[in-house]
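One file, upload12.pdb, is given below (PDB, C-alpha atoms).
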```pdb
ATOM      1  CA  MET A   1       0.000   0.000   0.000
ATOM      2  CA  LYS A   2       1.032   3.606  -0.517
ATOM      3  CA  PHE A   3       1.457   6.006   2.394
ATOM      4  CA  ALA A   4       1.722   9.782   2.471
ATOM      5  CA  ILE A   5       3.182  10.833   5.811
ATOM      6  CA  ALA A   6       2.858  14.404   7.087
ATOM      7  CA  VAL A   7       4.873  15.636  10.068
ATOM      8  CA  PHE A   8       3.703  18.685  12.042
ATOM      9  CA  CYS A   9       6.166  18.694  14.944
ATOM     10  CA  ALA A  10       9.811  19.464  15.704
ATOM     11  CA  ALA A  11      12.387  16.711  16.081
ATOM     12  CA  HIS A  12      12.359  17.076  19.870
ATOM     13  CA  ALA A  13       8.647  16.219  20.050
ATOM     14  CA  PRO A  14       7.915  12.534  20.747
ATOM     15  CA  SER A  15       5.555  12.519  17.764
ATOM     16  CA  SER A  16       8.444  13.200  15.358
ATOM     17  CA  ARG A  17      10.163  10.012  16.527
ATOM     18  CA  ARG A  18       6.811   8.224  16.312
ATOM     19  CA  ALA A  19       6.444   9.339  12.691
ATOM     20  CA  LEU A  20       9.949   8.091  11.922
ATOM     21  CA  LEU A  21       9.316   4.690  13.511
ATOM     22  CA  PHE A  22       5.988   4.418  11.689
ATOM     23  CA  ALA A  23       7.718   5.234   8.397
ATOM     24  CA  ARG A  24      10.431   2.630   9.037
ATOM     25  CA  ALA A  25       7.798   0.021   9.929
ATOM     26  CA  ALA A  26       5.804   0.857   6.795
ATOM     27  CA  LEU A  27       8.825   0.269   4.548
ATOM     28  CA  ALA A  28       9.833  -2.848   6.494
ATOM     29  CA  GLY A  29       6.308  -4.159   5.937
ATOM     30  CA  GLY A  30       6.758  -3.866   2.174
ATOM     31  CA  HIS A  31       4.737  -0.690   1.782
ATOM     32  CA  GLU A  32       5.646   2.409  -0.187
ATOM     33  CA  ILE A  33       6.000   5.989   1.062
ATOM     34  CA  VAL A  34       4.990   8.259  -1.793
ATOM     35  CA  ARG A  35       6.131  11.378   0.047
ATOM     36  CA  LEU A  36       7.038  12.792   3.441
ATOM     37  CA  PHE A  37       5.666  16.285   3.932
ATOM     38  CA  PHE A  38       6.829  18.576   6.744
ATOM     39  CA  TYR A  39       4.419  21.344   7.717
ATOM     40  CA  GLN A  40       4.003  23.812  10.600
ATOM     41  CA  ASP A  41       6.609  23.003  13.308
ATOM     42  CA  GLY A  42       7.437  19.871  11.312
ATOM     43  CA  VAL A  43       9.881  21.996   9.351
ATOM     44  CA  TYR A  44      12.145  21.878  12.436
ATOM     45  CA  SER A  45      12.360  18.092  12.057
ATOM     46  CA  ALA A  46      14.215  18.760   8.786
ATOM     47  CA  SER A  47      16.587  21.364  10.216
ATOM     48  CA  ASN A  48      20.254  20.385  10.124
ATOM     49  CA  SER A  49      21.169  22.843  12.884
ATOM     50  CA  VAL A  50      19.741  20.710  15.695
ATOM     51  CA  VAL A  51      22.370  19.708  18.265
ATOM     52  CA  VAL A  52      21.420  17.165  20.944
ATOM     53  CA  PRO A  53      23.440  15.895  23.929
ATOM     54  CA  GLN A  54      25.524  12.816  23.071
ATOM     55  CA  ASP A  55      23.446  10.468  25.198
ATOM     56  CA  GLU A  56      20.146  11.490  23.569
ATOM     57  CA  GLN A  57      18.538  10.401  20.329
ATOM     58  CA  ASP A  58      19.208  12.743  17.415
ATOM     59  CA  ILE A  59      15.883  12.411  15.629
ATOM     60  CA  ALA A  60      16.622  15.154  13.070
ATOM     61  CA  ARG A  61      19.762  13.271  12.013
ATOM     62  CA  GLN A  62      17.871   9.965  11.958
ATOM     63  CA  TRP A  63      15.259  11.528   9.690
ATOM     64  CA  ARG A  64      17.984  12.753   7.350
ATOM     65  CA  GLU A  65      19.687   9.360   7.241
ATOM     66  CA  PHE A  66      16.379   7.539   6.749
ATOM     67  CA  VAL A  67      15.311   9.800   3.895
ATOM     68  CA  SER A  68      18.729   9.543   2.212
ATOM     69  CA  ALA A  69      19.035   5.776   2.642
ATOM     70  CA  HIS A  70      15.645   5.136   1.036
ATOM     71  CA  GLN A  71      15.824   8.064  -1.387
ATOM     72  CA  LEU A  72      12.396   9.208  -0.265
ATOM     73  CA  ASP A  73      10.589  12.162  -1.755
ATOM     74  CA  SER A  74      10.705  14.587   1.198
ATOM     75  CA  VAL A  75       9.191  18.021   0.985
ATOM     76  CA  VAL A  76       9.382  20.828   3.527
ATOM     77  CA  CYS A  77       6.642  23.449   3.167
ATOM     78  CA  ILE A  78       8.360  26.623   2.037
ATOM     79  CA  ALA A  79       5.953  29.102   3.655
ATOM     80  CA  ALA A  80       6.049  27.297   7.025
ATOM     81  CA  ALA A  81       9.851  26.981   6.821
ATOM     82  CA  LEU A  82      10.503  30.652   6.007
ATOM     83  CA  ARG A  83       8.286  31.756   8.897
ATOM     84  CA  ARG A  84      10.291  29.534  11.274
ATOM     85  CA  GLY A  85      13.767  30.333   9.952
ATOM     86  CA  VAL A  86      14.435  27.008   8.257
ATOM     87  CA  LEU A  87      16.214  28.034   5.059
ATOM     88  CA  ASN A  88      18.134  26.378   2.279
ATOM     89  CA  GLU A  89      20.963  28.162   0.508
ATOM     90  CA  GLU A  90      18.730  29.665  -2.150
ATOM     91  CA  GLU A  91      16.229  31.130   0.340
ATOM     92  CA  ALA A  92      18.968  32.367   2.700
ATOM     93  CA  MET A  93      20.469  34.229  -0.227
ATOM     94  CA  ARG A  94      17.098  35.537  -1.401
ATOM     95  CA  TYR A  95      16.223  36.980   2.011
ATOM     96  CA  GLN A  96      19.818  37.845   2.947
ATOM     97  CA  ARG A  97      20.000  35.615   6.008
ATOM     98  CA  SER A  98      23.322  34.360   7.335
ATOM     99  CA  ALA A  99      22.313  30.812   8.319
ATOM    100  CA  VAL A 100      21.518  27.894   6.035
ATOM    101  CA  ASN A 101      19.991  24.984   7.943
ATOM    102  CA  LEU A 102      18.302  22.946   5.251
ATOM    103  CA  ASP A 103      19.952  21.013   2.451
ATOM    104  CA  ALA A 104      19.691  17.669   0.662
ATOM    105  CA  PRO A 105      17.788  15.380   0.929
ATOM    106  CA  TRP A 106      15.041  17.903   1.700
ATOM    107  CA  GLU A 107      13.262  19.928  -0.910
ATOM    108  CA  LEU A 108      11.396  23.174  -0.221
ATOM    109  CA  SER A 109       8.066  23.409  -1.989
ATOM    110  CA  GLY A 110       4.440  24.415  -1.527
ATOM    111  CA  LEU A 111       1.303  22.909   0.007
ATOM    112  CA  GLY A 112       0.293  21.562  -3.393
ATOM    113  CA  GLN A 113       2.827  18.799  -2.716
ATOM    114  CA  LEU A 114       0.830  17.713   0.336
ATOM    115  CA  HIS A 115      -2.352  17.444  -1.720
ATOM    116  CA  ASP A 116      -0.497  15.723  -4.538
ATOM    117  CA  ALA A 117       0.880  13.134  -2.090
ATOM    118  CA  ALA A 118      -2.533  12.606  -0.478
ATOM    119  CA  GLN A 119      -4.042  11.987  -3.925
ATOM    120  CA  ALA A 120      -1.363   9.441  -4.797
ATOM    121  CA  ALA A 121      -1.516   7.553  -1.486
ATOM    122  CA  ASP A 122      -3.888   4.927  -0.104
ATOM    123  CA  ARG A 123      -3.474   6.472   3.348
ATOM    124  CA  LEU A 124      -2.553   9.931   4.576
ATOM    125  CA  ILE A 125      -1.074   9.723   8.081
ATOM    126  CA  CYS A 126      -0.311  12.854  10.116
ATOM    127  CA  PHE A 127       1.962  13.102  13.149
ATOM    128  CA  GLY A 128       2.168  16.056  15.488
ATOM    129  CA  GLY A 129       1.559  17.324  18.999
ATOM    130  CA  PRO A 130       3.289  15.620  21.929
TER
ATOM    131  CA  MET B   1     -16.578   3.604   6.491
ATOM    132  CA  SER B   2     -14.357   3.514   9.526
ATOM    133  CA  THR B   3     -11.801   5.859  11.056
ATOM    134  CA  LEU B   4      -8.805   5.211  13.262
ATOM    135  CA  HIS B   5      -8.500   8.213  15.582
ATOM    136  CA  VAL B   6      -4.999   8.792  16.929
ATOM    137  CA  VAL B   7      -4.769  10.761  20.183
ATOM    138  CA  SER B   8      -1.410  11.707  21.732
ATOM    139  CA  HIS B   9      -2.488  14.334  24.297
ATOM    140  CA  SER B  10      -3.277  13.427  27.904
ATOM    141  CA  PRO B  11      -7.056  13.512  28.504
ATOM    142  CA  PHE B  12      -6.397  15.054  31.917
ATOM    143  CA  THR B  13      -5.009  18.328  30.508
ATOM    144  CA  ASP B  14      -6.558  18.481  27.071
ATOM    145  CA  SER B  15      -9.998  18.191  25.469
ATOM    146  CA  ARG B  16      -9.019  16.261  22.327
ATOM    147  CA  LEU B  17     -10.050  12.849  23.636
ATOM    148  CA  ASP B  18     -13.399  14.277  24.835
ATOM    149  CA  SER B  19     -14.097  15.749  21.414
ATOM    150  CA  CYS B  20     -12.951  12.569  19.721
ATOM    151  CA  LEU B  21     -15.301  10.453  21.836
ATOM    152  CA  ARG B  22     -18.174  12.821  21.075
ATOM    153  CA  ILE B  23     -17.868  12.459  17.296
ATOM    154  CA  CYS B  24     -16.537   8.911  17.133
ATOM    155  CA  GLY B  25     -18.609   6.546  14.990
ATOM    156  CA  VAL B  26     -19.566   2.981  15.957
ATOM    157  CA  ASN B  27     -17.107   1.454  13.485
ATOM    158  CA  ASP B  28     -14.235   3.695  14.574
ATOM    159  CA  ALA B  29     -11.310   2.924  16.853
ATOM    160  CA  ILE B  30      -9.006   5.051  18.977
ATOM    161  CA  LEU B  31      -5.255   4.544  19.152
ATOM    162  CA  LEU B  32      -3.696   6.127  22.226
ATOM    163  CA  CYS B  33      -0.045   7.070  21.974
ATOM    164  CA  GLY B  34       2.345   9.391  23.787
ATOM    165  CA  ASP B  35       0.612  11.005  26.771
ATOM    166  CA  GLY B  36      -2.635   9.918  25.141
ATOM    167  CA  ALA B  37      -1.822   6.541  26.720
ATOM    168  CA  TYR B  38      -2.928   8.042  30.055
ATOM    169  CA  GLY B  39      -6.389   7.732  28.527
ATOM    170  CA  LEU B  40      -6.280   4.136  29.755
ATOM    171  CA  HIS B  41      -7.158   5.682  33.130
ATOM    172  CA  ASN B  42     -10.084   7.574  31.601
ATOM    173  CA  ALA B  43     -13.388   5.929  32.445
ATOM    174  CA  ALA B  44     -15.250   7.615  29.558
ATOM    175  CA  LEU B  45     -13.142   5.697  27.082
ATOM    176  CA  GLN B  46     -14.292   2.376  28.448
ATOM    177  CA  THR B  47     -17.960   3.293  28.650
ATOM    178  CA  LYS B  48     -18.130   4.616  25.075
ATOM    179  CA  GLY B  49     -17.726   1.056  23.822
ATOM    180  CA  VAL B  50     -15.445   2.002  20.942
ATOM    181  CA  LYS B  51     -12.439  -0.207  20.140
ATOM    182  CA  VAL B  52      -9.307   1.062  21.927
ATOM    183  CA  PHE B  53      -5.668   0.440  21.062
ATOM    184  CA  VAL B  54      -2.556   1.739  22.777
ATOM    185  CA  LEU B  55       0.985   1.988  21.433
ATOM    186  CA  ALA B  56       2.897  -0.611  23.458
ATOM    187  CA  GLU B  57       6.068   1.441  23.974
ATOM    188  CA  ASP B  58       4.128   4.361  25.447
ATOM    189  CA  MET B  59       2.247   2.086  27.821
ATOM    190  CA  GLN B  60       5.509   0.447  28.899
ATOM    191  CA  ALA B  61       7.328   3.776  29.332
ATOM    192  CA  ARG B  62       4.546   5.010  31.627
ATOM    193  CA  ASN B  63       4.149   1.756  33.553
ATOM    194  CA  LEU B  64       0.464   1.539  32.642
ATOM    195  CA  PRO B  65      -1.337  -1.798  32.924
ATOM    196  CA  LEU B  66      -3.283  -2.945  29.872
ATOM    197  CA  PRO B  67      -6.988  -3.125  30.735
ATOM    198  CA  ASP B  68      -9.027  -5.989  29.288
ATOM    199  CA  TRP B  69     -11.000  -3.534  27.120
ATOM    200  CA  ALA B  70      -7.921  -2.349  25.185
ATOM    201  CA  ASP B  71      -5.277  -3.946  22.955
ATOM    202  CA  SER B  72      -1.656  -2.938  22.567
ATOM    203  CA  VAL B  73       0.152  -2.607  19.234
ATOM    204  CA  ASP B  74       3.777  -2.172  18.207
ATOM    205  CA  TYR B  75       4.796  -0.136  15.125
ATOM    206  CA  PRO B  76       4.092  -2.890  12.575
ATOM    207  CA  GLY B  77       0.723  -3.217  14.346
ATOM    208  CA  PHE B  78       0.175   0.548  14.024
ATOM    209  CA  VAL B  79       0.879   0.338  10.280
ATOM    210  CA  GLN B  80      -1.564  -2.549   9.964
ATOM    211  CA  LEU B  81      -4.252  -0.668  11.951
ATOM    212  CA  SER B  82      -3.895   2.310   9.620
ATOM    213  CA  LEU B  83      -4.774  -0.032   6.751
ATOM    214  CA  ASP B  84      -7.516  -1.947   8.580
ATOM    215  CA  TYR B  85      -9.471   1.311   8.947
ATOM    216  CA  ASP B  86     -10.519   3.390   5.937
ATOM    217  CA  LYS B  87      -8.757   6.541   7.130
ATOM    218  CA  VAL B  88      -6.617   7.842   9.955
ATOM    219  CA  ASN B  89      -7.582  10.983  11.851
ATOM    220  CA  SER B  90      -4.686  12.186  14.006
ATOM    221  CA  TRP B  91      -5.744  14.751  16.583
ATOM    222  CA  LEU B  92      -2.668  16.969  16.184
TER
ATOM    223  CA  MET C   1     -11.685  10.688  -9.377
ATOM    224  CA  SER C   2      -9.949  12.905  -6.829
ATOM    225  CA  LYS C   3      -9.827  11.874  -3.192
ATOM    226  CA  SER C   4     -11.716  14.184  -0.883
ATOM    227  CA  LEU C   5     -10.124  15.772   2.166
ATOM    228  CA  LEU C   6     -11.783  17.130   5.294
ATOM    229  CA  VAL C   7      -9.757  19.642   7.282
ATOM    230  CA  ILE C   8     -10.856  19.972  10.912
ATOM    231  CA  SER C   9      -9.668  23.280  12.334
ATOM    232  CA  ARG C  10      -9.515  23.322  16.145
ATOM    233  CA  GLN C  11      -7.504  26.430  16.936
ATOM    234  CA  ALA C  12      -8.579  29.933  17.822
ATOM    235  CA  PRO C  13      -7.266  32.544  15.387
ATOM    236  CA  TRP C  14      -5.067  34.103  18.079
ATOM    237  CA  SER C  15      -2.937  31.127  19.106
ATOM    238  CA  GLY C  16      -0.158  31.558  16.546
ATOM    239  CA  PRO C  17      -0.110  30.641  12.875
ATOM    240  CA  GLY C  18      -2.010  27.367  13.405
ATOM    241  CA  ALA C  19      -5.465  28.508  12.318
ATOM    242  CA  ARG C  20      -4.072  30.299   9.270
ATOM    243  CA  GLU C  21      -1.938  27.323   8.298
ATOM    244  CA  ALA C  22      -4.941  24.998   8.565
ATOM    245  CA  LEU C  23      -6.873  27.334   6.298
ATOM    246  CA  ASP C  24      -3.940  27.433   3.866
ATOM    247  CA  ILE C  25      -4.254  23.660   3.389
ATOM    248  CA  VAL C  26      -7.923  24.174   2.502
ATOM    249  CA  LEU C  27      -7.252  27.050   0.096
ATOM    250  CA  ALA C  28      -4.368  25.197  -1.595
ATOM    251  CA  GLY C  29      -6.667  22.217  -2.152
ATOM    252  CA  GLY C  30      -9.323  24.518  -3.569
ATOM    253  CA  ALA C  31      -6.778  26.077  -5.921
ATOM    254  CA  PHE C  32      -6.146  22.581  -7.319
ATOM    255  CA  ASP C  33      -9.899  21.984  -7.687
ATOM    256  CA  LEU C  34      -9.836  19.178  -5.152
ATOM    257  CA  PRO C  35     -12.950  18.254  -3.164
ATOM    258  CA  ILE C  36     -12.175  19.830   0.211
ATOM    259  CA  GLY C  37     -14.358  20.286   3.269
ATOM    260  CA  LEU C  38     -13.708  22.420   6.323
ATOM    261  CA  LEU C  39     -15.087  21.813   9.806
ATOM    262  CA  PHE C  40     -14.563  24.201  12.718
ATOM    263  CA  LEU C  41     -14.384  22.275  15.975
ATOM    264  CA  ASP C  42     -13.553  23.136  19.585
ATOM    265  CA  ASP C  43     -11.732  26.508  19.772
ATOM    266  CA  GLY C  44     -11.689  26.554  15.958
ATOM    267  CA  VAL C  45     -15.234  27.961  16.067
ATOM    268  CA  PHE C  46     -13.773  31.189  17.502
ATOM    269  CA  GLN C  47     -12.572  31.872  13.951
ATOM    270  CA  LEU C  48     -16.242  32.445  13.101
ATOM    271  CA  ALA C  49     -17.028  34.898  15.918
ATOM    272  CA  PRO C  50     -18.229  38.302  14.653
ATOM    273  CA  HIS C  51     -16.517  41.692  14.964
ATOM    274  CA  GLN C  52     -13.043  40.492  15.907
ATOM    275  CA  ASP C  53     -10.298  43.091  15.637
ATOM    276  CA  ALA C  54      -6.992  41.673  14.439
ATOM    277  CA  LYS C  55      -5.431  45.138  14.383
ATOM    278  CA  ALA C  56      -5.693  45.338  18.186
ATOM    279  CA  VAL C  57      -2.906  42.736  18.380
ATOM    280  CA  GLN C  58      -1.185  43.792  15.148
ATOM    281  CA  GLN C  59      -2.230  40.701  13.247
ATOM    282  CA  LYS C  60      -3.643  40.097   9.826
ATOM    283  CA  ASP C  61      -7.372  39.498   9.635
ATOM    284  CA  LEU C  62      -8.134  35.807   9.149
ATOM    285  CA  GLY C  63     -11.666  36.745   8.130
ATOM    286  CA  ALA C  64     -10.450  37.804   4.698
ATOM    287  CA  ASN C  65      -9.085  34.288   4.130
ATOM    288  CA  LEU C  66     -12.357  32.777   5.327
ATOM    289  CA  GLN C  67     -14.239  34.921   2.842
ATOM    290  CA  ALA C  68     -11.951  33.646   0.091
ATOM    291  CA  LEU C  69     -13.211  30.068   0.617
ATOM    292  CA  GLY C  70     -16.060  30.550  -1.838
ATOM    293  CA  LEU C  71     -13.739  31.992  -4.475
ATOM    294  CA  PHE C  72     -11.611  28.863  -4.159
ATOM    295  CA  GLY C  73     -14.643  26.649  -4.688
ATOM    296  CA  ILE C  74     -14.862  25.550  -1.054
ATOM    297  CA  ASP C  75     -18.550  25.456  -0.178
ATOM    298  CA  GLU C  76     -18.548  22.585   2.282
ATOM    299  CA  VAL C  77     -17.956  24.624   5.434
ATOM    300  CA  PHE C  78     -19.283  23.352   8.755
ATOM    301  CA  ALA C  79     -19.120  24.204  12.432
ATOM    302  CA  CYS C  80     -19.632  21.928  15.425
ATOM    303  CA  HIS C  81     -22.894  22.888  17.115
ATOM    304  CA  HIS C  82     -21.682  21.636  20.494
ATOM    305  CA  SER C  83     -18.492  23.738  20.279
ATOM    306  CA  LEU C  84     -20.497  26.849  19.306
ATOM    307  CA  ALA C  85     -23.027  26.402  22.127
ATOM    308  CA  GLU C  86     -20.333  25.613  24.690
ATOM    309  CA  ARG C  87     -18.621  28.920  23.837
ATOM    310  CA  GLY C  88     -21.785  30.993  23.750
ATOM    311  CA  LEU C  89     -21.563  31.642  20.026
ATOM    312  CA  THR C  90     -24.589  31.927  17.803
ATOM    313  CA  THR C  91     -24.780  30.084  14.515
ATOM    314  CA  PRO C  92     -22.527  31.854  11.997
ATOM    315  CA  ALA C  93     -23.774  32.673   8.513
ATOM    316  CA  SER C  94     -20.655  31.253   6.892
ATOM    317  CA  ALA C  95     -20.752  27.703   8.254
ATOM    318  CA  GLN C  96     -23.428  25.060   8.571
ATOM    319  CA  PRO C  97     -23.809  23.824  12.160
ATOM    320  CA  LEU C  98     -23.654  20.063  12.688
ATOM    321  CA  ASP C  99     -24.398  17.969  15.749
ATOM    322  CA  SER C 100     -22.058  15.171  16.845
ATOM    323  CA  ALA C 101     -23.820  12.422  14.902
ATOM    324  CA  ALA C 102     -23.738  14.532  11.739
ATOM    325  CA  ILE C 103     -20.007  15.208  12.229
ATOM    326  CA  SER C 104     -19.432  11.483  12.525
ATOM    327  CA  GLN C 105     -21.244  11.002   9.198
ATOM    328  CA  LEU C 106     -19.314  13.904   7.674
ATOM    329  CA  ILE C 107     -15.967  12.276   8.519
ATOM    330  CA  ASP C 108     -17.289   9.031   7.029
ATOM    331  CA  ARG C 109     -18.077  10.805   3.788
ATOM    332  CA  TYR C 110     -14.517  12.056   3.198
ATOM    333  CA  ASP C 111     -11.605   9.931   2.020
ATOM    334  CA  GLN C 112      -9.015  11.628   4.221
ATOM    335  CA  VAL C 113      -8.951  13.843   7.297
ATOM    336  CA  ILE C 114      -6.466  16.309   8.762
ATOM    337  CA  THR C 115      -7.269  17.623  12.253
ATOM    338  CA  LEU C 116      -5.173  20.613  13.252
TER
END
```
Output the file's structure as structure tokens, nothing else.
Amino acid sequence: MKFAIAVFCAAHAPSSRRALLFARAALAGGHEIVRLFFYQDGVYSASNSVVVPQDEQDIARQWREFVSAHQLDSVVCIAAALRRGVLNEEEAMRYQRSAVNLDAPWELSGLGQLHDAAQAADRLICFGGP
Amino acid sequence: MSTLHVVSHSPFTDSRLDSCLRICGVNDAILLCGDGAYGLHNAALQTKGVKVFVLAEDMQARNLPLPDWADSVDYPGFVQLSLDYDKVNSWL
Amino acid sequence: MSKSLLVISRQAPWSGPGAREALDIVLAGGAFDLPIGLLFLDDGVFQLAPHQDAKAVQQKDLGANLQALGLFGIDEVFACHHSLAERGLTTPASAQPLDSAAISQLIDRYDQVITL
């Protein structure tokens, strides 16, 4: 079956880890993830500037490694990301900001990508909150 | 049609589970995860008569006993539940 | 045929960008001609309260976005009757009130749901 997975929370929220473990289990079960979409505070789950203490789980890094390893289509909502200071090189340059905290494998795009994924999937699953 | 409602907020500080129970259909189920697992202590959940699941790791982390009116699932079980029901409504 | 999506908006308009971002999902779906419904539930019904003054807290008026729903082809707009009554709000002109059983049927009718 085909899943679209939308994440609405930062990497430090338990629900971000839950989304990651769900996604891993979906792939392990032979299912397909048509797209991961990061919206609202979910854009922080894609930030590469997260630093966690050594004895804690680095969920942002695990997301990045998971997406890269499986070459998943992973979209970060551009409007939500700009508002929260999650910028790739192009946007940092456009708005003259000094920090770049988003790069491959993430792609910045619009909400149309959420709808597109929902249309292509058998199930849309959202994760957010605590 | 059936819906799997996913609730991750504690029912003791938040109204999501109350609202969910109010609009829950007879064929629906509720999956408690995160602090939503504290819903196992919520009497309203039992009396509603809707099917209740809890994410095993969250129950274990909180040292909550599994009541006979609920079932626990691991992540593969969560994936399967999301397919067993027609749609998933996460109360974000 | 396109899959239908029901967005359930549960946040007051003054609690950060949440309410606006929920509405943006609805408007984006409308822009792509997708069958989208919108239900205001819990504090979300405060978005429908009359005579709110966004300028008082230097915010943009969400009402303008709500009025755009029709232009984007979104005419399935509902409000939870229980949530309205609980908050002392009268039935708004812009949303059809539904009781709990009707909301249950509404969710059944849609292919997918996002509750924000």
Of A:Arg17, A:Ala104, A:Leu27, A:Val75, the one sitting nearest Phe3 of chain A when using only C-alpha atoms is A:Leu27
Exercise. Just say which residues the PyMOL selection byres ((chain A) within 10 of (chain C)) picks in this file, as a list in words.
Key: Ala6, Phe8, Tyr39, Gln40, Asp41, Ala79, Ala80, Arg83, Gly110, Leu111, Gly112, Gln113, Leu114, His115, Asp116, Ala118, Gln119, Ala120, Ala121, Asp122, Arg123, Leu124, Ile125, Cys126, Gly128 and Gly129 of chain A
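Interatomic distance, atom CA of Gly49 of chain B against atom CA of Gly44 of chain C: 27.4 Å.
Residues of chain B lying within 9 Å of chain C, counting all atoms listed in the file, are Met1, Ser2, Thr3, Ser15, Arg16, Ser19, Arg22, Ile23, Cys24, Gly25, Asp86, Lys87, Val88, Asn89, Ser90, Trp91 and Leu92 of chain B.
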Enclose segment 27-40 of chain A, meaning all of its atoms listed in the file, in a box aligned along x, y and z, pad it by 6 Å on each side, and list the centre and edge lengths in Å to one decimal, as lines of an AutoDock Vina configuration file.
```
center_x = 6.9
center_y = 9.8
center_z = 4.4
size_x = 17.8
size_y = 40.0
size_z = 24.4
```
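The interatomic distance for the pair atom CA of Ala49 of chain C and atom CA of Ser9 of chain C works out to 14.2 Å.
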Please tabulate, as JSON lines, the residues of chain B that come within 10 Å of chain A, each with its closest pair of atoms and the distance in Å to one decimal, counting only C-alpha atoms and ordering rows by chain, then residue number upward.
```
{"residue": "B:Val6", "atom": "CA", "partner": "A:Phe127", "partner_atom": "CA", "distance": 9.0}
{"residue": "B:Val7", "atom": "CA", "partner": "A:Gly129", "partner_atom": "CA", "distance": 9.2}
{"residue": "B:Ser8", "atom": "CA", "partner": "A:Pro130", "partner_atom": "CA", "distance": 6.1}
{"residue": "B:His9", "atom": "CA", "partner": "A:Pro130", "partner_atom": "CA", "distance": 6.4}
{"residue": "B:Ser10", "atom": "CA", "partner": "A:Pro130", "partner_atom": "CA", "distance": 9.1}
{"residue": "B:Cys33", "atom": "CA", "partner": "A:Ser15", "partner_atom": "CA", "distance": 8.9}
{"residue": "B:Gly34", "atom": "CA", "partner": "A:Pro130", "partner_atom": "CA", "distance": 6.6}
{"residue": "B:Asp35", "atom": "CA", "partner": "A:Pro130", "partner_atom": "CA", "distance": 7.2}
{"residue": "B:Gly36", "atom": "CA", "partner": "A:Pro130", "partner_atom": "CA", "distance": 8.8}
{"residue": "B:Leu55", "atom": "CA", "partner": "A:Arg18", "partner_atom": "CA", "distance": 10.0}
{"residue": "B:Asp74", "atom": "CA", "partner": "A:Ala25", "partner_atom": "CA", "distance": 9.5}
{"residue": "B:Tyr75", "atom": "CA", "partner": "A:Phe22", "partner_atom": "CA", "distance": 5.8}
{"residue": "B:Pro76", "atom": "CA", "partner": "A:Ala25", "partner_atom": "CA", "distance": 5.4}
{"residue": "B:Gly77", "atom": "CA", "partner": "A:Ala25", "partner_atom": "CA", "distance": 8.9}
{"residue": "B:Phe78", "atom": "CA", "partner": "A:Phe22", "partner_atom": "CA", "distance": 7.4}
{"residue": "B:Val79", "atom": "CA", "partner": "A:Ala26", "partner_atom": "CA", "distance": 6.1}
{"residue": "B:Gln80", "atom": "CA", "partner": "A:Ala26", "partner_atom": "CA", "distance": 8.7}
{"residue": "B:Ser82", "atom": "CA", "partner": "A:Arg123", "partner_atom": "CA", "distance": 7.5}
{"residue": "B:Leu83", "atom": "CA", "partner": "A:Arg123", "partner_atom": "CA", "distance": 7.5}
{"residue": "B:Tyr85", "atom": "CA", "partner": "A:Arg123", "partner_atom": "CA", "distance": 9.7}
{"residue": "B:Asp86", "atom": "CA", "partner": "A:Arg123", "partner_atom": "CA", "distance": 8.1}
{"residue": "B:Lys87", "atom": "CA", "partner": "A:Arg123", "partner_atom": "CA", "distance": 6.5}
{"residue": "B:Val88", "atom": "CA", "partner": "A:Ile125", "partner_atom": "CA", "distance": 6.1}
{"residue": "B:Asn89", "atom": "CA", "partner": "A:Ile125", "partner_atom": "CA", "distance": 7.6}
{"residue": "B:Ser90", "atom": "CA", "partner": "A:Cys126", "partner_atom": "CA", "distance": 5.9}
{"residue": "B:Trp91", "atom": "CA", "partner": "A:Gly128", "partner_atom": "CA", "distance": 8.1}
{"residue": "B:Leu92", "atom": "CA", "partner": "A:Gly128", "partner_atom": "CA", "distance": 5.0}
```
Evaluated on this file, the PyMOL selection byres ((chain B and resi 69) around 10) picks out some residues - which ones are they, written as a tab-separated table (two decimals) with C-alpha atoms, keeping the file's coordinate frame?
```tsv
chain	number	residue	atom	x	y	z
B	40	LEU	CA	-6.28	4.14	29.76
B	45	LEU	CA	-13.14	5.70	27.08
B	46	GLN	CA	-14.29	2.38	28.45
B	47	THR	CA	-17.96	3.29	28.65
B	49	GLY	CA	-17.73	1.06	23.82
B	50	VAL	CA	-15.44	2.00	20.94
B	51	LYS	CA	-12.44	-0.21	20.14
B	52	VAL	CA	-9.31	1.06	21.93
B	53	PHE	CA	-5.67	0.44	21.06
B	66	LEU	CA	-3.28	-2.94	29.87
B	67	PRO	CA	-6.99	-3.12	30.74
B	68	ASP	CA	-9.03	-5.99	29.29
B	70	ALA	CA	-7.92	-2.35	25.18
B	71	ASP	CA	-5.28	-3.95	22.96
```
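Excluding Arg61 of chain A itself and same-chain residues fewer than 3 positions from it, the residues having an atom within 10 Å of it are A:Ala11, A:Ser45, A:Ala46, A:Ser47, A:Asn48, A:Ser49, A:Val50, A:Val51, A:Val52, A:Gln57, A:Asp58, A:Arg64, A:Glu65, A:Phe66, A:Val67, counting all atoms listed in the file.
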Restricting to all atoms listed in the file, whichever of A:Ala4, A:Phe38, A:His12, A:Val43 is closest to Glu56 of chain A is A:His12
Between atom CA of Asp73 of chain A and atom CA of Glu90 of chain A lies a distance of 19.3 Å
Among C:Thr90, C:Arg20, C:Asp33, C:Asp43, Phe72 of chain C is approached most closely, using all atoms listed in the file, by C:Asp33
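Residue selection for this entry, given the PyMOL selection byres ((chain A and resi 91) around 12), comprises Ile78, Ala79, Ala81, Leu82, Arg83, Gly85, Val86, Leu87, Asn88, Glu89, Glu90, Ala92, Met93, Arg94, Tyr95, Gln96, Arg97, Ser98, Ala99, Val100, Asn101, Leu102, Asp103, Glu107, Leu108 and Ser109 of chain A.
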